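**Q** Coordinates in my_file26.cif, mmCIF, C-alpha atoms, are listed below.
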data_coords
#
loop_
_atom_site.label_atom_id
_atom_site.label_comp_id
_atom_site.auth_asym_id
_atom_site.auth_seq_id
_atom_site.Cartn_x
_atom_site.Cartn_y
_atom_site.Cartn_z
CA MET A 23 -0.48 6.36 -27.91
CA ASP A 24 0.71 3.15 -26.24
CA LEU A 25 0.15 2.83 -22.51
CA THR A 26 2.95 1.87 -20.17
CA GLU A 27 2.55 -1.32 -18.15
CA LYS A 28 2.00 0.81 -15.04
CA GLN A 29 -0.75 2.78 -16.81
CA LYS A 30 -2.37 -0.51 -17.85
CA MET A 31 -2.19 -1.78 -14.28
CA LEU A 32 -3.74 1.42 -12.93
CA ALA A 33 -6.52 1.18 -15.54
CA GLY A 34 -7.36 -2.39 -14.51
CA MET A 35 -6.12 -3.83 -17.80
CA GLN A 36 -3.88 -6.83 -18.31
CA TYR A 37 -0.23 -5.87 -17.90
CA HIS A 38 3.20 -7.42 -17.41
CA ALA A 39 4.27 -7.25 -13.75
CA SER A 40 7.89 -7.83 -14.80
CA ASP A 41 8.03 -4.38 -16.42
CA PRO A 42 11.15 -2.47 -15.25
CA GLU A 43 9.14 0.54 -14.03
CA LEU A 44 6.91 -1.71 -11.91
CA ARG A 45 9.93 -3.66 -10.63
CA ALA A 46 11.51 -0.35 -9.56
CA GLU A 47 8.29 0.60 -7.74
CA GLN A 48 8.29 -2.78 -5.99
CA ALA A 49 11.93 -2.33 -5.00
CA ALA A 50 11.14 1.09 -3.50
CA THR A 51 8.24 -0.48 -1.60
CA GLY A 52 10.56 -3.26 -0.43
CA ALA A 53 12.95 -0.69 1.00
CA TRP A 54 10.08 1.11 2.72
CA LEU A 55 8.73 -2.21 4.09
CA ALA A 56 12.15 -3.05 5.53
CA ARG A 57 12.10 0.23 7.48
CA TYR A 58 8.46 -0.16 8.47
CA ASN A 59 8.85 -3.74 9.64
CA ALA A 60 12.03 -2.83 11.54
CA ALA A 61 9.90 -0.41 13.59
CA LEU A 62 8.03 -3.29 15.24
CA GLY A 63 9.08 -2.10 18.69
CA ASP A 64 8.36 1.58 18.00
CA PRO A 65 4.56 2.04 17.61
CA ALA A 66 4.93 5.83 17.81
CA SER A 67 6.63 5.82 14.39
CA TRP A 68 4.15 3.58 12.55
CA HIS A 69 1.71 6.30 11.43
CA THR A 70 4.49 8.57 10.18
CA LEU A 71 6.06 5.71 8.24
CA LEU A 72 2.69 4.70 6.77
CA LEU A 73 2.19 8.18 5.37
CA GLU A 74 5.46 7.86 3.42
CA ARG A 75 4.08 5.13 1.16
CA ILE A 76 0.37 4.39 1.38
CA ALA A 77 -2.33 6.52 -0.24
CA ARG A 78 -3.99 7.53 3.03
CA ALA A 79 -3.96 6.56 6.68
CA GLY A 80 -6.77 8.19 8.64
CA GLN A 81 -6.29 9.53 12.15
CA GLY A 82 -5.59 6.76 14.62
CA ALA A 83 -5.06 4.09 11.95
CA THR A 84 -2.78 1.29 13.17
CA LEU A 85 -1.05 -1.27 10.98
CA ARG A 86 1.13 -3.56 13.09
CA PRO A 87 4.33 -4.85 11.49
CA PRO A 88 5.36 -7.12 10.02
CA PHE A 89 3.33 -6.21 6.96
CA HIS A 90 3.79 -6.97 3.27
CA CYS A 91 2.40 -5.36 0.11
CA ASP A 92 3.26 -4.87 -3.56
CA TYR A 93 3.19 -1.07 -3.87
CA GLY A 94 1.55 0.58 -0.87
CA TRP A 95 0.20 3.57 -2.77
CA HIS A 96 -2.99 1.66 -3.64
CA ILE A 97 -3.93 1.25 0.04
CA THR A 98 -6.34 3.62 1.81
CA LEU A 99 -7.04 3.23 5.52
CA GLY A 100 -9.88 5.07 7.25
CA ALA A 101 -9.75 6.58 10.72
CA ARG A 102 -9.16 4.22 13.64
CA VAL A 103 -8.56 1.19 11.40
CA PHE A 104 -6.66 -1.55 13.21
CA ILE A 105 -4.67 -4.15 11.24
CA ASN A 106 -2.88 -6.81 13.26
CA PHE A 107 0.48 -8.54 12.63
CA ASP A 108 1.51 -10.48 9.51
CA CYS A 109 -1.01 -9.18 6.99
CA VAL A 110 -0.36 -9.33 3.24
CA PHE A 111 -2.02 -6.89 0.85
CA LEU A 112 -1.39 -7.52 -2.87
CA ASP A 113 -2.31 -4.03 -4.01
CA VAL A 114 -2.01 -3.94 -7.80
CA ALA A 115 -5.48 -2.34 -7.64
CA PRO A 116 -6.96 -0.18 -4.88
CA ILE A 117 -7.61 -1.59 -1.41
CA THR A 118 -9.91 0.71 0.56
CA ILE A 119 -10.67 0.04 4.23
CA GLY A 120 -13.33 2.12 6.01
CA ASP A 121 -13.25 3.81 9.40
CA ASP A 122 -13.23 1.69 12.57
CA THR A 123 -12.56 -1.61 10.78
CA ARG A 124 -10.62 -4.33 12.61
CA ILE A 125 -8.49 -6.85 10.74
CA GLY A 126 -7.01 -9.85 12.54
CA PRO A 127 -3.49 -11.27 12.22
CA GLY A 128 -2.42 -13.02 9.05
CA VAL A 129 -5.22 -11.66 6.88
CA HIS A 130 -4.45 -11.61 3.15
CA ILE A 131 -6.16 -9.22 0.75
CA TYR A 132 -5.56 -9.93 -2.92
CA THR A 133 -6.35 -7.60 -5.80
CA ALA A 134 -3.99 -9.36 -8.22
CA GLU A 135 -5.34 -12.03 -10.50
CA HIS A 136 -4.08 -13.99 -13.47
CA PRO A 137 -5.80 -14.81 -16.75
CA ARG A 138 -7.83 -17.99 -17.01
CA ASP A 139 -6.41 -18.52 -20.50
CA PRO A 140 -3.19 -20.54 -20.04
CA SER A 141 -1.46 -18.92 -23.03
CA LEU A 142 -1.96 -15.42 -21.56
CA ARG A 143 -0.83 -16.67 -18.15
CA ARG A 144 2.27 -18.23 -19.73
CA ALA A 145 2.95 -14.89 -21.47
CA GLY A 146 3.19 -13.25 -18.03
CA PHE A 147 0.00 -11.19 -17.98
CA GLU A 148 -1.89 -10.29 -14.83
CA SER A 149 -4.53 -7.77 -13.86
CA GLY A 150 -6.21 -6.50 -10.73
CA ARG A 151 -9.62 -5.76 -9.30
CA ALA A 152 -10.18 -3.43 -6.35
CA VAL A 153 -11.17 -4.65 -2.89
CA THR A 154 -13.41 -2.41 -0.78
CA ILE A 155 -14.02 -3.02 2.91
CA GLY A 156 -16.65 -0.85 4.59
CA ARG A 157 -16.82 0.82 7.97
CA ASN A 158 -16.85 -1.02 11.30
CA VAL A 159 -16.05 -4.38 9.69
CA TRP A 160 -14.37 -7.18 11.64
CA ILE A 161 -12.23 -9.65 9.69
CA GLY A 162 -10.97 -12.59 11.73
CA GLY A 163 -7.39 -13.81 11.65
CA GLY A 164 -6.18 -15.79 8.68
CA ALA A 165 -9.03 -14.75 6.38
CA ILE A 166 -8.35 -14.35 2.67
CA ILE A 167 -10.19 -11.71 0.63
CA LEU A 168 -10.10 -12.34 -3.14
CA PRO A 169 -9.94 -9.77 -5.98
CA GLY A 170 -13.00 -7.64 -6.68
CA VAL A 171 -14.73 -8.31 -3.35
CA THR A 172 -16.70 -5.63 -1.51
CA ILE A 173 -17.47 -6.13 2.18
CA GLY A 174 -20.30 -3.92 3.45
CA ASP A 175 -20.38 -1.79 6.59
CA ASP A 176 -20.74 -3.61 9.92
CA ALA A 177 -20.07 -7.06 8.39
CA ILE A 178 -18.11 -9.83 10.14
CA VAL A 179 -15.83 -12.31 8.35
CA GLY A 180 -14.95 -15.37 10.41
CA ALA A 181 -11.36 -16.38 11.06
CA GLY A 182 -9.84 -18.52 8.33
CA SER A 183 -12.57 -17.70 5.80
CA VAL A 184 -11.96 -17.37 2.09
CA VAL A 185 -14.15 -14.56 0.78
CA THR A 186 -14.85 -15.14 -2.92
CA HIS A 187 -17.96 -12.92 -3.31
CA ASP A 188 -19.30 -9.65 -1.95
CA VAL A 189 -20.48 -9.60 1.67
CA ALA A 190 -23.65 -7.61 2.42
CA ALA A 191 -23.63 -4.86 5.01
CA GLY A 192 -24.38 -6.14 8.51
CA SER A 193 -24.01 -9.81 7.59
CA GLN A 194 -21.74 -12.49 9.01
CA VAL A 195 -19.87 -14.98 6.83
CA ALA A 196 -17.47 -17.85 7.53
CA GLY A 197 -15.94 -20.85 5.82
CA ASN A 198 -14.29 -21.75 2.53
CA PRO A 199 -15.85 -20.34 0.49
CA ALA A 200 -17.34 -17.88 2.97
CA GLN A 201 -21.10 -18.33 3.38
CA PRO A 202 -23.66 -16.45 5.49
CA ILE A 203 -23.97 -17.66 9.10
CA GLY A 204 -26.13 -16.74 12.08
#
Please re-express this file's structure in structure tokens.

**A**
Amino acid sequence: MDLTEKQKMLAGMQYHASDPELRAEQAATGAWLARYNAALGDPASWHTLLLERIARAGQGATLRPPFHCDYGWHITLGARVFINFDCVFLDVAPITIGDDTRIGPGVHIYTAEHPRDPSLRRAGFESGRAVTIGRNVWIGGGAIILPGVTIGDDAIVGAGSVVTHDVAAGSQVAGNPAQPIG
């Protein structure tokens, strides 16, 4: 049996993002994002709106609009997570954020990646690798988290950092690429 492009995406395989089913999902997310981002001045509605599209938003989770994502249903937020303005989550694979984590403004989390082989890239393939962020993590504003990265509990990522590799629990990293500090 042949897999659909969505099934390939969900399995972490290479897929075509231009597939009509995936485009329809993105359009539905776009409509949801328009409503969510329009609620900027109504914090009381944010949690209810989040539950319409994302996989899970724990009690007290806050995601301040404006916000942008591909699908939404690949995003899991723990309890008391705080995500500041202008974040971008490319969620073609799961993004899991643990309880009590704080994410600064303008943080980008990418799960989407493209083949290194130029012929596959030209053919329109892409794939995704999950990003996992532990509990009680602090990610400074403007940081970029690349596909496949895991950030351990209690870690700190400095503002403006580009995280290309896993970050150990309790450690502090900063820079481009992010390196241990302190």

**Q** Can you tell me which residues surround range 64-72 of chain A at a distance of at most 10 Å, considering only C-alpha atoms, apart from same-chain residues fewer than 3 positions away, and format the answer as a list of chain:residue names?

**A** A:Trp54, A:Leu55, A:Arg57, A:Tyr58, A:Asn59, A:Ala60, A:Ala61, A:Arg75, A:Ile76, A:Ala77, A:Arg78, A:Ala79, A:Gly80, A:Gln81, A:Gly82, A:Ala83, A:Thr84, A:Leu85, A:Arg86, A:Pro87, A:Gly94, A:Trp95, A:Leu99

**Q** Can you spit out the residues from that selection as an mmCIF file, in the frame of the given file, using C-alpha atoms?

**A**
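Full text of out-v3.cif as output:
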data_model
loop_
_atom_site.group_PDB
_atom_site.id
_atom_site.type_symbol
_atom_site.label_atom_id
_atom_site.label_comp_id
_atom_site.auth_asym_id
_atom_site.auth_seq_id
_atom_site.Cartn_x
_atom_site.Cartn_y
_atom_site.Cartn_z
ATOM 1 C CA TRP A 54 10.080 1.110 2.720
ATOM 2 C CA LEU A 55 8.730 -2.210 4.090
ATOM 3 C CA ARG A 57 12.100 0.230 7.480
ATOM 4 C CA TYR A 58 8.460 -0.160 8.470
ATOM 5 C CA ASN A 59 8.850 -3.740 9.640
ATOM 6 C CA ALA A 60 12.030 -2.830 11.540
ATOM 7 C CA ALA A 61 9.900 -0.410 13.590
ATOM 8 C CA ARG A 75 4.080 5.130 1.160
ATOM 9 C CA ILE A 76 0.370 4.390 1.380
ATOM 10 C CA ALA A 77 -2.330 6.520 -0.240
ATOM 11 C CA ARG A 78 -3.990 7.530 3.030
ATOM 12 C CA ALA A 79 -3.960 6.560 6.680
ATOM 13 C CA GLY A 80 -6.770 8.190 8.640
ATOM 14 C CA GLN A 81 -6.290 9.530 12.150
ATOM 15 C CA GLY A 82 -5.590 6.760 14.620
ATOM 16 C CA ALA A 83 -5.060 4.090 11.950
ATOM 17 C CA THR A 84 -2.780 1.290 13.170
ATOM 18 C CA LEU A 85 -1.050 -1.270 10.980
ATOM 19 C CA ARG A 86 1.130 -3.560 13.090
ATOM 20 C CA PRO A 87 4.330 -4.850 11.490
ATOM 21 C CA GLY A 94 1.550 0.580 -0.870
ATOM 22 C CA TRP A 95 0.200 3.570 -2.770
ATOM 23 C CA LEU A 99 -7.040 3.230 5.520
#

**Q** Expressed in Å to a single decimal, how great is the separation between CA of His96 in chain A and CA of Gly197 in chain A?

**A**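 If I compute the distance from CA of His96 in chain A to CA of Gly197 in chain A, I get 27.6 Å.
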
**Q** Tell me which of A:Gly52, A:Gly192, A:Gly128, A:Pro116 sits closest to Arg157 in chain A, counting all atoms listed in the file.

**A**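 The shortest atom-to-atom distance to Arg157 in chain A comes from A:Gly192.
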
**Q** Quick check, in Å to one decimal: how far apart do CA of Gly120 in chain A and CA of Val153 in chain A lie?

**A**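 Separation between CA of Gly120 in chain A and CA of Val153 in chain A: 11.4 Å.
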
**Q** I'd like to see the residues matched by the PyMOL selection byres ((chain A and resi 103-115) around 7) on this file, and ideally I'd get them as an mmCIF file with C-alpha atoms, in the coordinates of the input.

**A**
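Below is the file that was written, selection.cif:
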data_model
loop_
_atom_site.group_PDB
_atom_site.id
_atom_site.type_symbol
_atom_site.label_atom_id
_atom_site.label_comp_id
_atom_site.auth_asym_id
_atom_site.auth_seq_id
_atom_site.Cartn_x
_atom_site.Cartn_y
_atom_site.Cartn_z
ATOM 1 C CA MET A 31 -2.190 -1.780 -14.280
ATOM 2 C CA LEU A 32 -3.740 1.420 -12.930
ATOM 3 C CA ALA A 83 -5.060 4.090 11.950
ATOM 4 C CA THR A 84 -2.780 1.290 13.170
ATOM 5 C CA LEU A 85 -1.050 -1.270 10.980
ATOM 6 C CA ARG A 86 1.130 -3.560 13.090
ATOM 7 C CA PRO A 87 4.330 -4.850 11.490
ATOM 8 C CA PRO A 88 5.360 -7.120 10.020
ATOM 9 C CA PHE A 89 3.330 -6.210 6.960
ATOM 10 C CA HIS A 90 3.790 -6.970 3.270
ATOM 11 C CA CYS A 91 2.400 -5.360 0.110
ATOM 12 C CA ASP A 92 3.260 -4.870 -3.560
ATOM 13 C CA TYR A 93 3.190 -1.070 -3.870
ATOM 14 C CA GLY A 94 1.550 0.580 -0.870
ATOM 15 C CA HIS A 96 -2.990 1.660 -3.640
ATOM 16 C CA ILE A 97 -3.930 1.250 0.040
ATOM 17 C CA LEU A 99 -7.040 3.230 5.520
ATOM 18 C CA GLY A 100 -9.880 5.070 7.250
ATOM 19 C CA ALA A 101 -9.750 6.580 10.720
ATOM 20 C CA ARG A 102 -9.160 4.220 13.640
ATOM 21 C CA PRO A 116 -6.960 -0.180 -4.880
ATOM 22 C CA ILE A 117 -7.610 -1.590 -1.410
ATOM 23 C CA ASP A 121 -13.250 3.810 9.400
ATOM 24 C CA ASP A 122 -13.230 1.690 12.570
ATOM 25 C CA THR A 123 -12.560 -1.610 10.780
ATOM 26 C CA ARG A 124 -10.620 -4.330 12.610
ATOM 27 C CA ILE A 125 -8.490 -6.850 10.740
ATOM 28 C CA GLY A 126 -7.010 -9.850 12.540
ATOM 29 C CA PRO A 127 -3.490 -11.270 12.220
ATOM 30 C CA GLY A 128 -2.420 -13.020 9.050
ATOM 31 C CA VAL A 129 -5.220 -11.660 6.880
ATOM 32 C CA HIS A 130 -4.450 -11.610 3.150
ATOM 33 C CA ILE A 131 -6.160 -9.220 0.750
ATOM 34 C CA TYR A 132 -5.560 -9.930 -2.920
ATOM 35 C CA THR A 133 -6.350 -7.600 -5.800
ATOM 36 C CA ALA A 134 -3.990 -9.360 -8.220
ATOM 37 C CA GLY A 150 -6.210 -6.500 -10.730
ATOM 38 C CA ARG A 151 -9.620 -5.760 -9.300
ATOM 39 C CA ALA A 152 -10.180 -3.430 -6.350
#

**Q** So, with only C-alpha atoms as the atoms that count, which of A:Ala56, A:Glu135, A:Ala145, A:Pro140 lies closest to Ser40 in chain A?

**A**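 Looking at the shortest contact to Ser40 in chain A, the residue is A:Ala145.
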
**Q** Which residues, written as a PyMOL selection string, have at least one atom at most 9 Å from Val184 in chain A, with all atoms listed in the file counted and residues fewer than 4 positions away on the same chain left out?

**A** chain A and resi 164-168+179+196-200

**Q** Applied to the shown file, which residues does the PyMOL selection byres ((chain A and resi 177) around 6) return, written as JSON, numbers by chain?

**A** {"A": [159, 174, 175, 176, 178, 191, 192, 193, 194]}

**Q** Using all atoms listed in the file, find the one residue out of A:Ile203, A:Ile155, A:Ala181, A:Leu73 that sits nearest to Pro169 in chain A.

**A**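 Nearest candidate to Pro169 in chain A out of A:Ile203, A:Ile155, A:Ala181, A:Leu73: A:Ile155.
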
**Q** Written as a PyMOL selection string, what is the full residue list that the PyMOL selection byres ((chain A and resi 188) around 8) yields on the file shown?

**A** chain A and resi 171-174+185-187+189-190

**Q** For Glu74 in chain A, which residue among A:Met23, A:Ile161, A:Ala53, A:Ala33 is the nearest when counting all atoms listed in the file?

**A** A:Ala53
